[in-house]
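Below is input.tsv, which holds TSV, C-alpha atoms and all ligand atoms.
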```
chain	number	residue	atom	x	y	z
B	2	MET	CA	8.44	36.65	-15.29
B	3	LYS	CA	12.00	37.19	-16.45
B	4	VAL	CA	12.46	36.69	-20.20
B	5	ASP	CA	15.97	35.56	-21.05
B	6	VAL	CA	17.35	36.72	-24.35
B	7	LEU	CA	19.20	33.73	-25.72
B	8	LYS	CA	22.26	34.02	-27.87
B	9	ALA	CA	21.96	32.51	-31.36
B	10	ASN	CA	24.06	29.45	-30.47
B	11	GLU	CA	22.02	28.77	-27.32
B	12	LEU	CA	18.79	28.74	-29.31
B	13	LYS	CA	20.02	25.63	-31.05
B	14	LYS	CA	20.38	23.70	-27.80
B	15	ALA	CA	16.80	22.43	-27.57
B	16	ALA	CA	14.05	22.23	-30.12
B	17	PRO	CA	11.65	24.74	-28.59
B	18	VAL	CA	8.38	22.78	-28.72
B	19	PHE	CA	8.61	19.40	-30.44
B	20	GLY	CA	11.89	18.69	-28.69
B	21	GLN	CA	10.63	19.37	-25.16
B	22	LEU	CA	10.84	16.70	-22.51
B	23	SER	CA	7.06	16.55	-22.11
B	24	PHE	CA	6.19	16.68	-25.79
B	25	ASP	CA	4.25	13.55	-26.68
B	26	ASP	CA	2.84	13.98	-30.17
B	27	HIS	CA	0.55	16.78	-29.06
B	28	GLU	CA	-1.80	17.82	-31.86
B	29	GLN	CA	-1.64	21.55	-31.29
B	30	VAL	CA	0.03	24.03	-28.98
B	31	VAL	CA	-1.36	27.56	-29.01
B	32	PHE	CA	0.55	30.54	-27.63
B	33	CYS	CA	-1.74	33.41	-26.65
B	34	ASN	CA	-0.49	36.94	-26.10
B	35	ASP	CA	-2.34	40.17	-25.43
B	36	LYS	CA	-0.42	43.31	-24.65
B	37	ASP	CA	-3.38	45.31	-23.27
B	38	THR	CA	-4.41	42.83	-20.59
B	39	GLY	CA	-0.96	41.33	-20.05
B	40	LEU	CA	-2.23	37.86	-20.98
B	41	LYS	CA	0.42	35.28	-21.70
B	42	ALA	CA	-1.08	31.82	-21.98
B	43	ILE	CA	-0.39	28.48	-23.62
B	44	ILE	CA	-3.12	26.04	-24.59
B	45	GLY	CA	-1.99	22.43	-25.08
B	46	ILE	CA	-4.19	20.10	-27.12
B	47	HIS	CA	-2.78	16.63	-26.75
B	48	ASN	CA	-5.30	14.39	-28.43
B	49	THR	CA	-8.83	14.79	-29.82
B	50	VAL	CA	-9.51	11.29	-31.14
B	51	LEU	CA	-12.20	10.57	-28.53
B	52	GLY	CA	-13.69	14.07	-28.49
B	53	PRO	CA	-12.90	17.71	-27.80
B	54	ALA	CA	-9.86	18.28	-25.61
B	55	LEU	CA	-11.13	19.16	-22.16
B	56	GLY	CA	-8.98	20.26	-19.27
B	57	GLY	CA	-8.63	23.06	-16.77
B	58	THR	CA	-6.74	26.33	-16.91
B	59	ARG	CA	-3.96	26.80	-14.39
B	60	MET	CA	-2.68	30.26	-13.49
B	61	TRP	CA	0.76	30.06	-11.96
B	62	ASN	CA	3.75	32.29	-11.51
B	63	TYR	CA	6.07	30.12	-13.60
B	64	SER	CA	9.72	30.96	-13.27
B	65	SER	CA	10.29	30.54	-17.01
B	66	GLU	CA	8.46	29.94	-20.27
B	67	TRP	CA	10.06	26.49	-20.43
B	68	GLU	CA	8.45	25.57	-17.14
B	69	ALA	CA	5.03	26.79	-18.31
B	70	LEU	CA	5.35	24.96	-21.62
B	71	ASN	CA	6.39	21.69	-20.02
B	72	ASP	CA	3.59	21.94	-17.49
B	73	VAL	CA	0.92	22.41	-20.16
B	74	LEU	CA	2.33	19.59	-22.27
B	75	ARG	CA	2.46	17.19	-19.31
B	76	LEU	CA	-0.95	18.13	-17.92
B	77	SER	CA	-2.78	17.97	-21.27
B	78	ARG	CA	-1.36	14.51	-21.94
B	79	GLY	CA	-2.59	13.37	-18.53
B	80	MET	CA	-6.11	14.56	-19.38
B	81	THR	CA	-6.20	12.42	-22.52
B	82	PHE	CA	-5.61	9.27	-20.49
B	83	LYS	CA	-7.88	10.27	-17.61
B	84	SER	CA	-10.87	10.74	-19.91
B	85	ALA	CA	-10.05	7.70	-22.03
B	86	VAL	CA	-9.75	5.28	-19.09
B	87	THR	CA	-12.97	6.69	-17.59
B	88	GLY	CA	-14.86	5.96	-20.80
B	89	LEU	CA	-15.69	9.59	-21.59
B	90	ASN	CA	-15.83	10.88	-25.16
B	91	LEU	CA	-13.29	13.58	-24.50
B	92	GLY	CA	-9.76	14.27	-25.59
B	93	GLY	CA	-7.01	15.78	-23.49
B	94	GLY	CA	-6.17	19.45	-23.20
B	95	LYS	CA	-5.04	21.98	-20.66
B	96	ALA	CA	-4.14	25.65	-20.53
B	97	VAL	CA	-1.70	27.65	-18.46
B	98	ILE	CA	-1.75	31.38	-17.85
B	99	ILE	CA	1.61	32.78	-16.79
B	100	GLY	CA	1.23	35.08	-13.81
B	101	ASP	CA	0.22	35.45	-10.20
B	102	ALA	CA	-3.46	34.58	-9.80
B	103	LYS	CA	-3.71	36.70	-6.66
B	104	THR	CA	-2.37	39.93	-8.14
B	105	GLU	CA	-2.49	39.69	-11.94
B	106	LYS	CA	-5.84	38.08	-12.67
B	107	THR	CA	-8.46	40.54	-13.94
B	108	PRO	CA	-11.86	40.07	-15.63
B	109	GLU	CA	-10.38	41.65	-18.79
B	110	LEU	CA	-7.54	39.12	-18.82
B	111	MET	CA	-9.97	36.22	-18.31
B	112	ARG	CA	-12.26	37.48	-21.08
B	113	LYS	CA	-9.31	37.82	-23.46
B	114	PHE	CA	-8.25	34.28	-22.59
B	115	GLY	CA	-11.85	33.19	-23.30
B	116	GLU	CA	-11.64	34.80	-26.74
B	117	PHE	CA	-8.57	32.70	-27.54
B	118	VAL	CA	-10.42	29.57	-26.36
B	119	ASN	CA	-13.37	30.59	-28.53
B	120	SER	CA	-11.13	31.00	-31.57
B	121	LEU	CA	-10.40	27.26	-31.43
B	122	GLY	CA	-14.04	26.57	-32.26
B	123	GLY	CA	-14.62	23.95	-29.56
B	124	LYS	CA	-11.53	21.85	-30.16
B	125	TYR	CA	-10.45	22.82	-26.64
B	126	ILE	CA	-12.91	23.23	-23.76
B	127	THR	CA	-11.63	24.83	-20.60
B	128	ALA	CA	-12.44	24.40	-16.90
B	129	GLU	CA	-11.10	25.35	-13.47
B	130	ASP	CA	-7.66	24.38	-12.19
B	131	VAL	CA	-5.13	25.83	-9.73
B	132	GLY	CA	-5.48	29.62	-9.48
B	133	MET	CA	-8.98	29.64	-10.95
B	134	GLU	CA	-12.38	30.06	-9.31
B	135	THR	CA	-15.86	29.22	-10.53
B	136	ALA	CA	-16.40	32.98	-10.94
B	137	ASP	CA	-13.52	33.09	-13.47
B	138	MET	CA	-15.22	30.40	-15.53
B	139	ASP	CA	-18.39	32.49	-15.46
B	140	THR	CA	-16.35	35.40	-16.87
B	141	VAL	CA	-14.93	33.19	-19.62
B	142	ARG	CA	-18.49	32.04	-20.38
B	143	GLU	CA	-19.37	35.63	-21.33
B	144	VAL	CA	-17.25	35.27	-24.49
B	145	THR	CA	-17.31	31.56	-25.31
B	146	PRO	CA	-19.53	28.52	-24.85
B	147	TYR	CA	-16.42	26.32	-24.68
B	148	VAL	CA	-16.08	26.37	-20.91
B	149	THR	CA	-17.26	24.04	-18.13
B	150	GLY	CA	-17.21	24.30	-14.35
B	151	ILE	CA	-19.41	27.37	-14.35
B	152	SER	CA	-21.58	28.09	-11.34
B	153	GLU	CA	-24.81	26.21	-10.71
B	154	ALA	CA	-26.64	29.53	-10.85
B	155	LYS	CA	-25.48	29.89	-14.47
B	156	GLY	CA	-26.41	26.31	-15.39
B	157	GLY	CA	-23.14	24.58	-14.47
B	158	ALA	CA	-22.54	21.41	-12.48
B	159	GLY	CA	-20.96	23.23	-9.53
B	160	ASN	CA	-18.06	22.23	-7.30
B	161	PRO	CA	-16.36	19.04	-8.57
B	162	SER	CA	-14.38	18.27	-5.38
B	163	PRO	CA	-17.02	16.21	-3.51
B	164	VAL	CA	-17.50	14.11	-6.66
B	165	THR	CA	-13.75	13.62	-6.97
B	166	ALA	CA	-13.67	12.48	-3.34
B	167	TYR	CA	-16.45	9.96	-3.99
B	168	GLY	CA	-14.49	8.49	-6.91
B	169	VAL	CA	-11.34	8.22	-4.80
B	170	TYR	CA	-13.38	6.49	-2.09
B	171	MET	CA	-14.72	4.02	-4.69
B	172	GLY	CA	-11.24	3.37	-6.03
B	173	MET	CA	-9.93	2.85	-2.51
B	174	LYS	CA	-12.67	0.35	-1.75
B	175	ALA	CA	-11.89	-1.55	-4.96
B	176	ALA	CA	-8.22	-1.68	-3.97
B	177	ALA	CA	-9.24	-3.03	-0.54
B	178	LYS	CA	-11.37	-5.70	-2.20
B	179	PHE	CA	-8.40	-6.68	-4.35
B	180	ARG	CA	-5.86	-6.63	-1.51
B	181	TYR	CA	-7.86	-7.86	1.49
B	182	GLY	CA	-10.73	-9.76	-0.18
B	183	SER	CA	-13.28	-7.33	1.26
B	184	ASP	CA	-14.02	-3.71	0.43
B	185	ASP	CA	-15.17	-2.99	3.97
B	186	LEU	CA	-13.01	-0.20	5.34
B	187	GLN	CA	-14.39	-0.37	8.87
B	188	GLY	CA	-11.46	-0.62	11.28
B	189	ARG	CA	-8.88	-0.01	8.52
B	190	SER	CA	-6.42	2.78	9.21
B	191	VAL	CA	-6.26	5.36	6.43
B	192	LEU	CA	-3.86	8.29	6.34
B	193	VAL	CA	-5.24	11.21	4.34
B	194	GLN	CA	-2.45	13.62	3.44
B	195	GLY	CA	-3.99	16.99	2.56
B	196	ILE	CA	-7.45	17.73	3.89
B	197	GLY	CA	-8.46	20.43	1.41
B	198	HIS	CA	-11.52	20.37	-0.86
B	199	VAL	CA	-11.14	16.72	-1.82
B	200	GLY	CA	-9.32	15.39	1.26
B	201	GLU	CA	-11.93	16.57	3.73
B	202	ALA	CA	-14.81	15.11	1.71
B	203	LEU	CA	-12.87	11.83	1.59
B	204	VAL	CA	-12.41	11.91	5.37
B	205	ASP	CA	-16.20	12.28	5.66
B	206	TYR	CA	-16.83	9.09	3.61
B	207	LEU	CA	-14.18	7.16	5.54
B	208	ALA	CA	-15.38	8.31	8.96
B	209	LYS	CA	-18.97	7.34	8.10
B	210	GLU	CA	-17.76	3.85	7.20
B	211	GLY	CA	-15.93	3.48	10.51
B	212	ALA	CA	-12.34	3.64	9.25
B	213	ASN	CA	-9.63	4.90	11.61
B	214	VAL	CA	-8.77	8.14	9.86
B	215	VAL	CA	-5.39	9.75	10.38
B	216	ILE	CA	-4.92	13.23	8.88
B	217	SER	CA	-1.93	15.30	7.91
B	218	ASP	CA	-1.76	18.84	6.51
B	219	ILE	CA	0.44	21.93	6.71
B	220	ASN	CA	-2.58	23.98	7.79
B	221	GLN	CA	-2.82	23.58	11.58
B	222	GLN	CA	-6.19	25.24	11.92
B	223	LYS	CA	-7.71	22.94	9.29
B	224	LEU	CA	-6.23	19.94	11.10
B	225	THR	CA	-7.97	20.71	14.38
B	226	GLU	CA	-11.24	21.55	12.61
B	227	VAL	CA	-11.30	18.30	10.63
B	228	ARG	CA	-10.18	16.27	13.65
B	229	ASP	CA	-13.06	17.61	15.72
B	230	ARG	CA	-15.63	17.34	12.96
B	231	TYR	CA	-14.93	13.68	12.04
B	232	ASN	CA	-13.28	12.32	15.15
B	233	ALA	CA	-10.06	11.80	13.20
B	234	THR	CA	-6.51	11.56	14.58
B	235	ILE	CA	-3.84	14.08	13.64
B	236	TYR	CA	-0.67	12.31	12.52
B	237	GLY	CA	1.85	12.88	15.28
B	238	GLY	CA	4.99	11.20	13.96
B	239	ASP	CA	7.88	12.68	12.01
B	240	ASP	CA	7.66	10.53	8.88
B	241	VAL	CA	4.26	10.69	7.23
B	242	TYR	CA	5.37	8.30	4.45
B	243	GLY	CA	6.51	5.71	6.97
B	244	ALA	CA	3.27	5.91	8.98
B	245	ASP	CA	2.03	2.56	10.23
B	246	VAL	CA	-1.33	2.53	8.42
B	247	ASP	CA	-3.17	0.20	6.03
B	248	ILE	CA	-3.88	2.82	3.37
B	249	TYR	CA	-2.06	5.98	2.31
B	250	ALA	CA	-4.26	8.54	0.52
B	251	PRO	CA	-2.21	11.38	-1.03
B	252	CYS	CA	-4.60	14.31	-1.48
B	253	ALA	CA	-2.18	17.25	-1.44
B	254	LEU	CA	0.80	17.24	-3.78
B	255	GLY	CA	2.02	15.18	-6.71
B	256	ALA	CA	5.20	13.07	-6.81
B	257	THR	CA	5.07	11.94	-3.16
B	258	ILE	CA	6.02	8.44	-4.31
B	259	ASN	CA	9.63	9.01	-5.21
B	260	ASP	CA	13.17	7.71	-4.65
B	261	GLN	CA	13.28	9.17	-1.13
B	262	THR	CA	9.90	7.85	0.07
B	263	ILE	CA	9.30	4.58	-1.73
B	264	ASP	CA	11.18	2.34	0.72
B	265	ARG	CA	9.46	3.86	3.74
B	266	PHE	CA	5.80	3.04	3.04
B	267	LYS	CA	4.23	0.56	5.44
B	268	ALA	CA	0.78	0.96	3.87
B	269	SER	CA	-0.38	-1.93	1.68
B	270	ILE	CA	-2.60	0.29	-0.49
B	271	ILE	CA	-2.02	3.73	-2.02
B	272	ALA	CA	-5.19	5.44	-3.23
B	273	GLY	CA	-5.60	9.19	-3.30
B	274	ALA	CA	-6.70	12.24	-5.27
B	275	ALA	CA	-3.42	14.00	-6.05
B	276	ASN	CA	-2.42	14.17	-9.70
B	277	ASN	CA	0.87	12.59	-10.82
B	278	GLN	CA	1.58	10.73	-7.57
B	279	LEU	CA	4.43	8.69	-9.04
B	280	ALA	CA	7.57	10.79	-9.53
B	281	SER	CA	8.49	8.37	-12.32
B	282	ASP	CA	5.48	6.47	-13.70
B	283	VAL	CA	7.45	3.52	-14.98
B	284	LYS	CA	10.12	3.14	-12.30
B	285	HIS	CA	8.03	3.78	-9.20
B	286	GLY	CA	5.03	1.89	-10.61
B	287	HIS	CA	7.25	-1.20	-10.90
B	288	ILE	CA	8.82	-0.82	-7.47
B	289	LEU	CA	5.36	-0.61	-5.82
B	290	ARG	CA	4.38	-3.80	-7.64
B	291	GLU	CA	7.53	-5.59	-6.49
B	292	LYS	CA	6.85	-4.49	-2.92
B	293	GLY	CA	3.29	-5.80	-3.07
B	294	ILE	CA	1.81	-2.36	-2.47
B	295	VAL	CA	-1.46	-2.00	-4.38
B	296	TYR	CA	-1.44	1.33	-6.16
B	297	ALA	CA	-4.80	2.59	-7.48
B	298	PRO	CA	-3.73	4.80	-10.43
B	299	ASP	CA	-4.39	8.49	-9.70
B	300	PHE	CA	-5.74	9.42	-13.11
B	301	LEU	CA	-8.25	6.59	-12.85
B	302	ILE	CA	-9.64	7.16	-9.37
B	303	ASN	CA	-9.58	10.98	-9.32
B	304	ALA	CA	-11.76	11.27	-12.46
B	305	GLY	CA	-14.92	12.27	-10.53
B	306	GLY	CA	-14.18	15.93	-11.24
B	307	ILE	CA	-14.09	15.45	-15.00
B	308	ILE	CA	-17.21	13.27	-14.88
B	309	ASN	CA	-18.86	16.21	-13.13
B	310	VAL	CA	-17.92	18.75	-15.80
B	311	TYR	CA	-18.70	16.32	-18.62
B	312	ALA	CA	-22.28	16.40	-17.33
B	313	GLU	CA	-22.48	20.03	-18.39
B	314	LEU	CA	-21.65	19.08	-21.97
B	315	GLU	CA	-23.85	16.02	-22.13
B	316	GLY	CA	-26.69	17.50	-20.12
B	317	TYR	CA	-27.03	14.77	-17.53
B	318	GLY	CA	-27.80	15.34	-13.86
B	319	ARG	CA	-26.52	14.56	-10.36
B	320	LYS	CA	-27.83	10.98	-10.29
B	321	GLU	CA	-25.95	9.99	-13.43
B	322	ILE	CA	-22.82	11.83	-12.28
B	323	MET	CA	-22.76	9.76	-9.09
B	324	GLU	CA	-23.50	6.50	-10.97
B	325	LYS	CA	-20.67	7.10	-13.42
B	326	THR	CA	-18.35	7.99	-10.55
B	327	GLN	CA	-19.38	4.89	-8.61
B	328	ASN	CA	-18.32	2.87	-11.65
B	329	ILE	CA	-14.72	3.82	-10.83
B	330	TYR	CA	-14.99	0.90	-8.37
B	331	ASN	CA	-15.52	-1.61	-11.20
B	332	THR	CA	-12.92	-0.09	-13.51
B	333	THR	CA	-10.31	-0.05	-10.73
B	334	LEU	CA	-10.95	-3.67	-9.85
B	335	GLU	CA	-10.70	-4.69	-13.52
B	336	ILE	CA	-7.42	-2.83	-13.92
B	337	LEU	CA	-5.88	-4.23	-10.72
B	338	ASN	CA	-6.81	-7.75	-11.84
B	339	ALA	CA	-5.46	-7.14	-15.35
B	340	ALA	CA	-2.17	-5.82	-13.96
B	341	GLU	CA	-1.75	-8.92	-11.83
B	342	ALA	CA	-2.64	-11.28	-14.69
B	343	GLU	CA	-0.22	-9.57	-17.06
B	344	GLY	CA	2.56	-9.02	-14.53
B	345	ILE	CA	2.67	-5.28	-15.16
B	346	SER	CA	2.30	-2.25	-12.89
B	347	THR	CA	-1.20	-0.95	-12.22
B	348	HIS	CA	-0.25	2.40	-13.78
B	349	GLU	CA	0.81	0.59	-16.95
B	350	ALA	CA	-2.39	-1.46	-16.99
B	351	ALA	CA	-4.56	1.68	-16.71
B	352	LEU	CA	-2.57	3.41	-19.43
B	353	LYS	CA	-2.96	0.38	-21.68
B	354	VAL	CA	-6.76	0.47	-21.37
B	355	ALA	CA	-6.78	4.20	-22.15
B	356	GLN	CA	-4.46	3.83	-25.14
B	357	GLN	CA	-6.45	0.88	-26.49
B	358	ARG	CA	-9.66	2.93	-26.41
B	359	ILE	CA	-7.98	5.68	-28.42
B	360	THR	CA	-6.51	3.23	-30.93
B	361	ASP	CA	-9.84	1.45	-31.41
B	362	ARG	CA	-11.63	4.73	-32.04
B	363	LYS	CA	-8.96	5.86	-34.46
B	364	ASN	CA	-9.22	2.63	-36.42
B	365	ARG	CA	-12.99	2.98	-36.64
B	366	LYS	CA	-12.73	6.42	-38.21
M	401	LIG	N1	-10.55	19.28	-6.76
M	401	LIG	C1	-10.75	18.30	-7.62
M	401	LIG	O1	-11.88	18.02	-8.04
M	401	LIG	C2	-9.57	17.47	-8.08
M	401	LIG	C3	-9.73	16.61	-9.17
M	401	LIG	C4	-8.65	15.80	-9.55
M	401	LIG	C5	-7.44	15.88	-8.86
M	401	LIG	N2	-7.32	16.76	-7.81
M	401	LIG	C6	-6.03	16.80	-7.11
M	401	LIG	O2	-6.24	16.47	-5.75
M	401	LIG	C7	-5.35	17.20	-4.90
M	401	LIG	C8	-6.13	17.99	-3.88
M	401	LIG	O3	-7.03	18.88	-4.53
M	401	LIG	P1	-7.91	19.93	-3.68
M	401	LIG	O4	-8.85	20.54	-4.67
M	401	LIG	O5	-8.43	19.25	-2.47
M	401	LIG	O6	-6.80	20.99	-3.28
M	401	LIG	P2	-6.82	21.97	-2.01
M	401	LIG	O7	-5.85	23.05	-2.34
M	401	LIG	O8	-8.20	22.32	-1.62
M	401	LIG	O9	-6.21	21.07	-0.82
M	401	LIG	C9	-4.89	20.71	-0.72
M	401	LIG	C10	-4.56	20.56	0.75
M	401	LIG	O10	-3.25	20.03	0.87
M	401	LIG	C11	-2.57	20.75	1.88
M	401	LIG	N3	-1.13	20.63	1.68
M	401	LIG	C12	-0.33	21.34	0.86
M	401	LIG	N4	0.94	20.95	0.97
M	401	LIG	C13	0.94	19.94	1.87
M	401	LIG	C14	1.95	19.11	2.42
M	401	LIG	N5	3.22	19.24	2.06
M	401	LIG	N6	1.59	18.17	3.32
M	401	LIG	C15	0.31	18.05	3.72
M	401	LIG	N7	-0.68	18.80	3.24
M	401	LIG	C16	-0.37	19.74	2.32
M	401	LIG	C17	-3.12	22.15	1.81
M	401	LIG	O11	-2.91	22.85	3.03
M	401	LIG	C18	-4.60	21.87	1.52
M	401	LIG	O12	-5.32	21.73	2.73
M	401	LIG	C19	-4.53	18.09	-5.85
M	401	LIG	O13	-3.33	17.41	-6.15
M	401	LIG	C20	-5.40	18.19	-7.09
M	401	LIG	O14	-4.63	18.41	-8.25
M	401	LIG	C21	-8.34	17.54	-7.40
```
Let me see the structure of the file written as structure tokens.
Amino acid sequence: MKVDVLKANELKKAAPVFGQLSFDDHEQVVFCNDKDTGLKAIIGIHNTVLGPALGGTRMWNYSSEWEALNDVLRLSRGMTFKSAVTGLNLGGGKAVIIGDAKTEKTPELMRKFGEFVNSLGGKYITAEDVGMETADMDTVREVTPYVTGISEAKGGAGNPSPVTAYGVYMGMKAAAKFRYGSDDLQGRSVLVQGIGHVGEALVDYLAKEGANVVISDINQQKLTEVRDRYNATIYGGDDVYGADVDIYAPCALGATINDQTIDRFKASIIAGAANNQLASDVKHGHILREKGIVYAPDFLINAGGIINVYAELEGYGRKEIMEKTQNIYNTTLEILNAAEAEGISTHEAALKVAQQRITDRKNRK
């Protein structure tokens, strides 16, 4: 990463942390540096009112420190609301390691990162995110107990993606109930964009229910494999956002609902796994409402993964994980109904529930 040396007058341009775009009253931001291993990481602790701040570690080749800082601030805030709306006793946190996960990640670097996590005494608990593997969490576990997402062999809850997919499926069914009066997806056309760990497991649920599944991905080999395995159809048009389907399930990238795409959707429901689907939460949330497109908020319906890692902390098993994840159906329905009753966007309604839970807990203290 290139480190720019700013001139004294340039330093005054932006307040370096509290003045950042994504700063939202975060409780603590920790900068971690270790010359020997080359570790440069930032841990963002957004809010710990409901419990310890839990969120994954992302290793990414950020083009600048500003980018890394804004990412950790934005992601840790998102975790606060995801856990709060899901009813978990967890706060929101996230960590970023600056560097290329393919070439710069070493066990020494991961252990050093674990030592920094450990020094926070449990205020932040880490997990897997982009650029991390279960094996990395096992390495971190060697130096701190404040890590989740470790392998099943080492007592962890294992791969969260199938659980995330189940929650998305539940949220999608709740949205169908709200929009069509029935949660039966048989015969409904669903476009799943991104058939990776979560997307493929979602395709499995949908195919079993008899939905007409249309798939889209940049990985051609994966497309043919998933098509053959689940009898799905590969999207053949040139505008995936304008596809003539009932339901659009974004399971690849964030921000696919943006100024360029929002007028093209023909789907009447949007329900998928990707984080931060709305490019602008407020603006695009409102436009979807005006258009009568039912949007199942991402941070609500993709919470299966965090329910899965929470099990490691609370010591509950598979059955309870699936029950808690199934409950995403009820929560989604409640939030969609509340949004309609209050005339607000579904994103806003979900955020309101999350914020209320935090405020109530704070007032009880
Ligand atoms: N894995 C989890 O438990 C979990 C939990 C919460 C949220 N999420 C979010 O869900 C999304 C999917 O996660 P995942 O673990 O399945 O990731 P993944 O990397 O396994 O799969 C992503 C898939 O999207 C495809 N893709 C990338 N760019 C694309 C594009 N432009 N168009 C179409 N396809 C594209 C990739 O080829 C890949 O097959 C991510 O946004 C992730 O942040 C995942």
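What separates CA of Ile302 in chain B from CA of Ile345 in chain B is a distance of 18.4 Å.
Distance annotation: of B:Asp245, B:Glu341, B:Glu226, B:Asp260, the residue with the minimal separation from ligand LIG 401 (chain M) is B:Glu226; atom set is all atoms listed in the file.
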At what distance in Å, to one decimal, does CA of Lys325 in chain B lie from CA of Thr145 in chain B?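 Rounded to one decimal, the two atoms are 27.4 Å apart.
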So what do you get for CA of Val295 in chain B versus CA of Ile271 in chain B, distance-wise?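 According to the coordinates, CA of Val295 in chain B and CA of Ile271 in chain B are separated by 6.2 Å.
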Which residue out of B:Thr87, B:Thr347, B:Ser162, B:Gln221 has the minimum interatomic distance to ligand LIG 401 (chain M) when all atoms listed in the file are used? B:Ser162
Residues within 6 Å of ligand LIG 401 (chain M), counting all atoms listed in the file, as an NGL selection string: :B and (161-162 or 165 or 194-200 or 217-220 or 252-255 or 274-276 or 303 or 306)
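Close contacts of Gly100 in chain B, defined as residues with an atom at most 12 Å away when counting all atoms listed in the file, with chain neighbours fewer than 2 positions off set aside, comprise Met2, Lys3, Thr38, Gly39, Leu40, Lys41, Ala42, Ile43, Arg59, Met60, Trp61, Asn62, Tyr63, Ser64, Ser65, Glu66, Ala69, Val97, Ile98, Ala102, Lys103, Thr104, Glu105, Lys106, Thr107, Leu110, Val131, Gly132 and Met133 of chain B.
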Around all listed atoms of range 37-45 of chain B, padded 6 Å per side, what centre and edge lengths does the axis-aligned box have in Å to one decimal, as JSON?
```
{"center_x": -2.0, "center_y": 33.9, "center_z": -22.6, "size_x": 16.8, "size_y": 34.9, "size_z": 17.0}
```
Please tell me which residues are no farther than 10 Å from (11.2, 5.5, -3.1) in the file, counting all atoms listed in the file, and write them as JSON, numbers by chain. {"B": [242, 257, 258, 259, 260, 261, 262, 263, 264, 265, 266, 279, 280, 284, 285, 288, 289]}
Neighbours of Ser190 in chain B within 9 Å (all atoms listed in the file; same-chain residues fewer than 3 positions away dropped), as a PDB file with C-alpha atoms, in the frame of the given file?
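This is the output file part_29.pdb:
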```
ATOM      1  CA  LEU B 186     -13.010  -0.200   5.340  1.00  0.00           C
ATOM      2  CA  GLN B 187     -14.390  -0.370   8.870  1.00  0.00           C
ATOM      3  CA  ALA B 212     -12.340   3.640   9.250  1.00  0.00           C
ATOM      4  CA  ASN B 213      -9.630   4.900  11.610  1.00  0.00           C
ATOM      5  CA  VAL B 214      -8.770   8.140   9.860  1.00  0.00           C
ATOM      6  CA  VAL B 215      -5.390   9.750  10.380  1.00  0.00           C
ATOM      7  CA  ASP B 245       2.030   2.560  10.230  1.00  0.00           C
ATOM      8  CA  VAL B 246      -1.330   2.530   8.420  1.00  0.00           C
ATOM      9  CA  ASP B 247      -3.170   0.200   6.030  1.00  0.00           C
ATOM     10  CA  ILE B 248      -3.880   2.820   3.370  1.00  0.00           C
ATOM     11  CA  TYR B 249      -2.060   5.980   2.310  1.00  0.00           C
TER      12      TYR B 249
END
```
Near-Met173 in chain B list (12 Å; all atoms listed in the file; drop same-chain fewer than 5 positions) as a VMD selection string: chain B and resid 166 to 168 178 to 181 183 to 186 189 191 193 203 206 to 207 247 to 251 269 to 274 295 to 299 301 to 303 327 329 to 334 337
Once you have the residues from the selection above, write them out as a compact mmCIF listing (two decimals), in the coordinates of the input, restricted to C-alpha atoms.
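Everything below was put into again-v8.txt:
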```
# COMPACT_ATOMS: atom_id res chain seq x y z
CA ALA B 166 -13.67 12.48 -3.34
CA TYR B 167 -16.45 9.96 -3.99
CA GLY B 168 -14.49 8.49 -6.91
CA LYS B 178 -11.37 -5.70 -2.20
CA PHE B 179 -8.40 -6.68 -4.35
CA ARG B 180 -5.86 -6.63 -1.51
CA TYR B 181 -7.86 -7.86 1.49
CA SER B 183 -13.28 -7.33 1.26
CA ASP B 184 -14.02 -3.71 0.43
CA ASP B 185 -15.17 -2.99 3.97
CA LEU B 186 -13.01 -0.20 5.34
CA ARG B 189 -8.88 -0.01 8.52
CA VAL B 191 -6.26 5.36 6.43
CA VAL B 193 -5.24 11.21 4.34
CA LEU B 203 -12.87 11.83 1.59
CA TYR B 206 -16.83 9.09 3.61
CA LEU B 207 -14.18 7.16 5.54
CA ASP B 247 -3.17 0.20 6.03
CA ILE B 248 -3.88 2.82 3.37
CA TYR B 249 -2.06 5.98 2.31
CA ALA B 250 -4.26 8.54 0.52
CA PRO B 251 -2.21 11.38 -1.03
CA SER B 269 -0.38 -1.93 1.68
CA ILE B 270 -2.60 0.29 -0.49
CA ILE B 271 -2.02 3.73 -2.02
CA ALA B 272 -5.19 5.44 -3.23
CA GLY B 273 -5.60 9.19 -3.30
CA ALA B 274 -6.70 12.24 -5.27
CA VAL B 295 -1.46 -2.00 -4.38
CA TYR B 296 -1.44 1.33 -6.16
CA ALA B 297 -4.80 2.59 -7.48
CA PRO B 298 -3.73 4.80 -10.43
CA ASP B 299 -4.39 8.49 -9.70
CA LEU B 301 -8.25 6.59 -12.85
CA ILE B 302 -9.64 7.16 -9.37
CA ASN B 303 -9.58 10.98 -9.32
CA GLN B 327 -19.38 4.89 -8.61
CA ILE B 329 -14.72 3.82 -10.83
CA TYR B 330 -14.99 0.90 -8.37
CA ASN B 331 -15.52 -1.61 -11.20
CA THR B 332 -12.92 -0.09 -13.51
CA THR B 333 -10.31 -0.05 -10.73
CA LEU B 334 -10.95 -3.67 -9.85
CA LEU B 337 -5.88 -4.23 -10.72
```
For each of B:Leu352, B:Leu55, B:Tyr311, B:Gly115, take the minimum atom-to-atom distance to Asp35 in chain B, counting only C-alpha atoms, then give the residue where this is smallest. B:Gly115
Considering only C-alpha atoms, can you say which of B:Ile336, B:Phe82, B:Ser346, B:Gly237 comes closest to His287 in chain B? B:Ser346
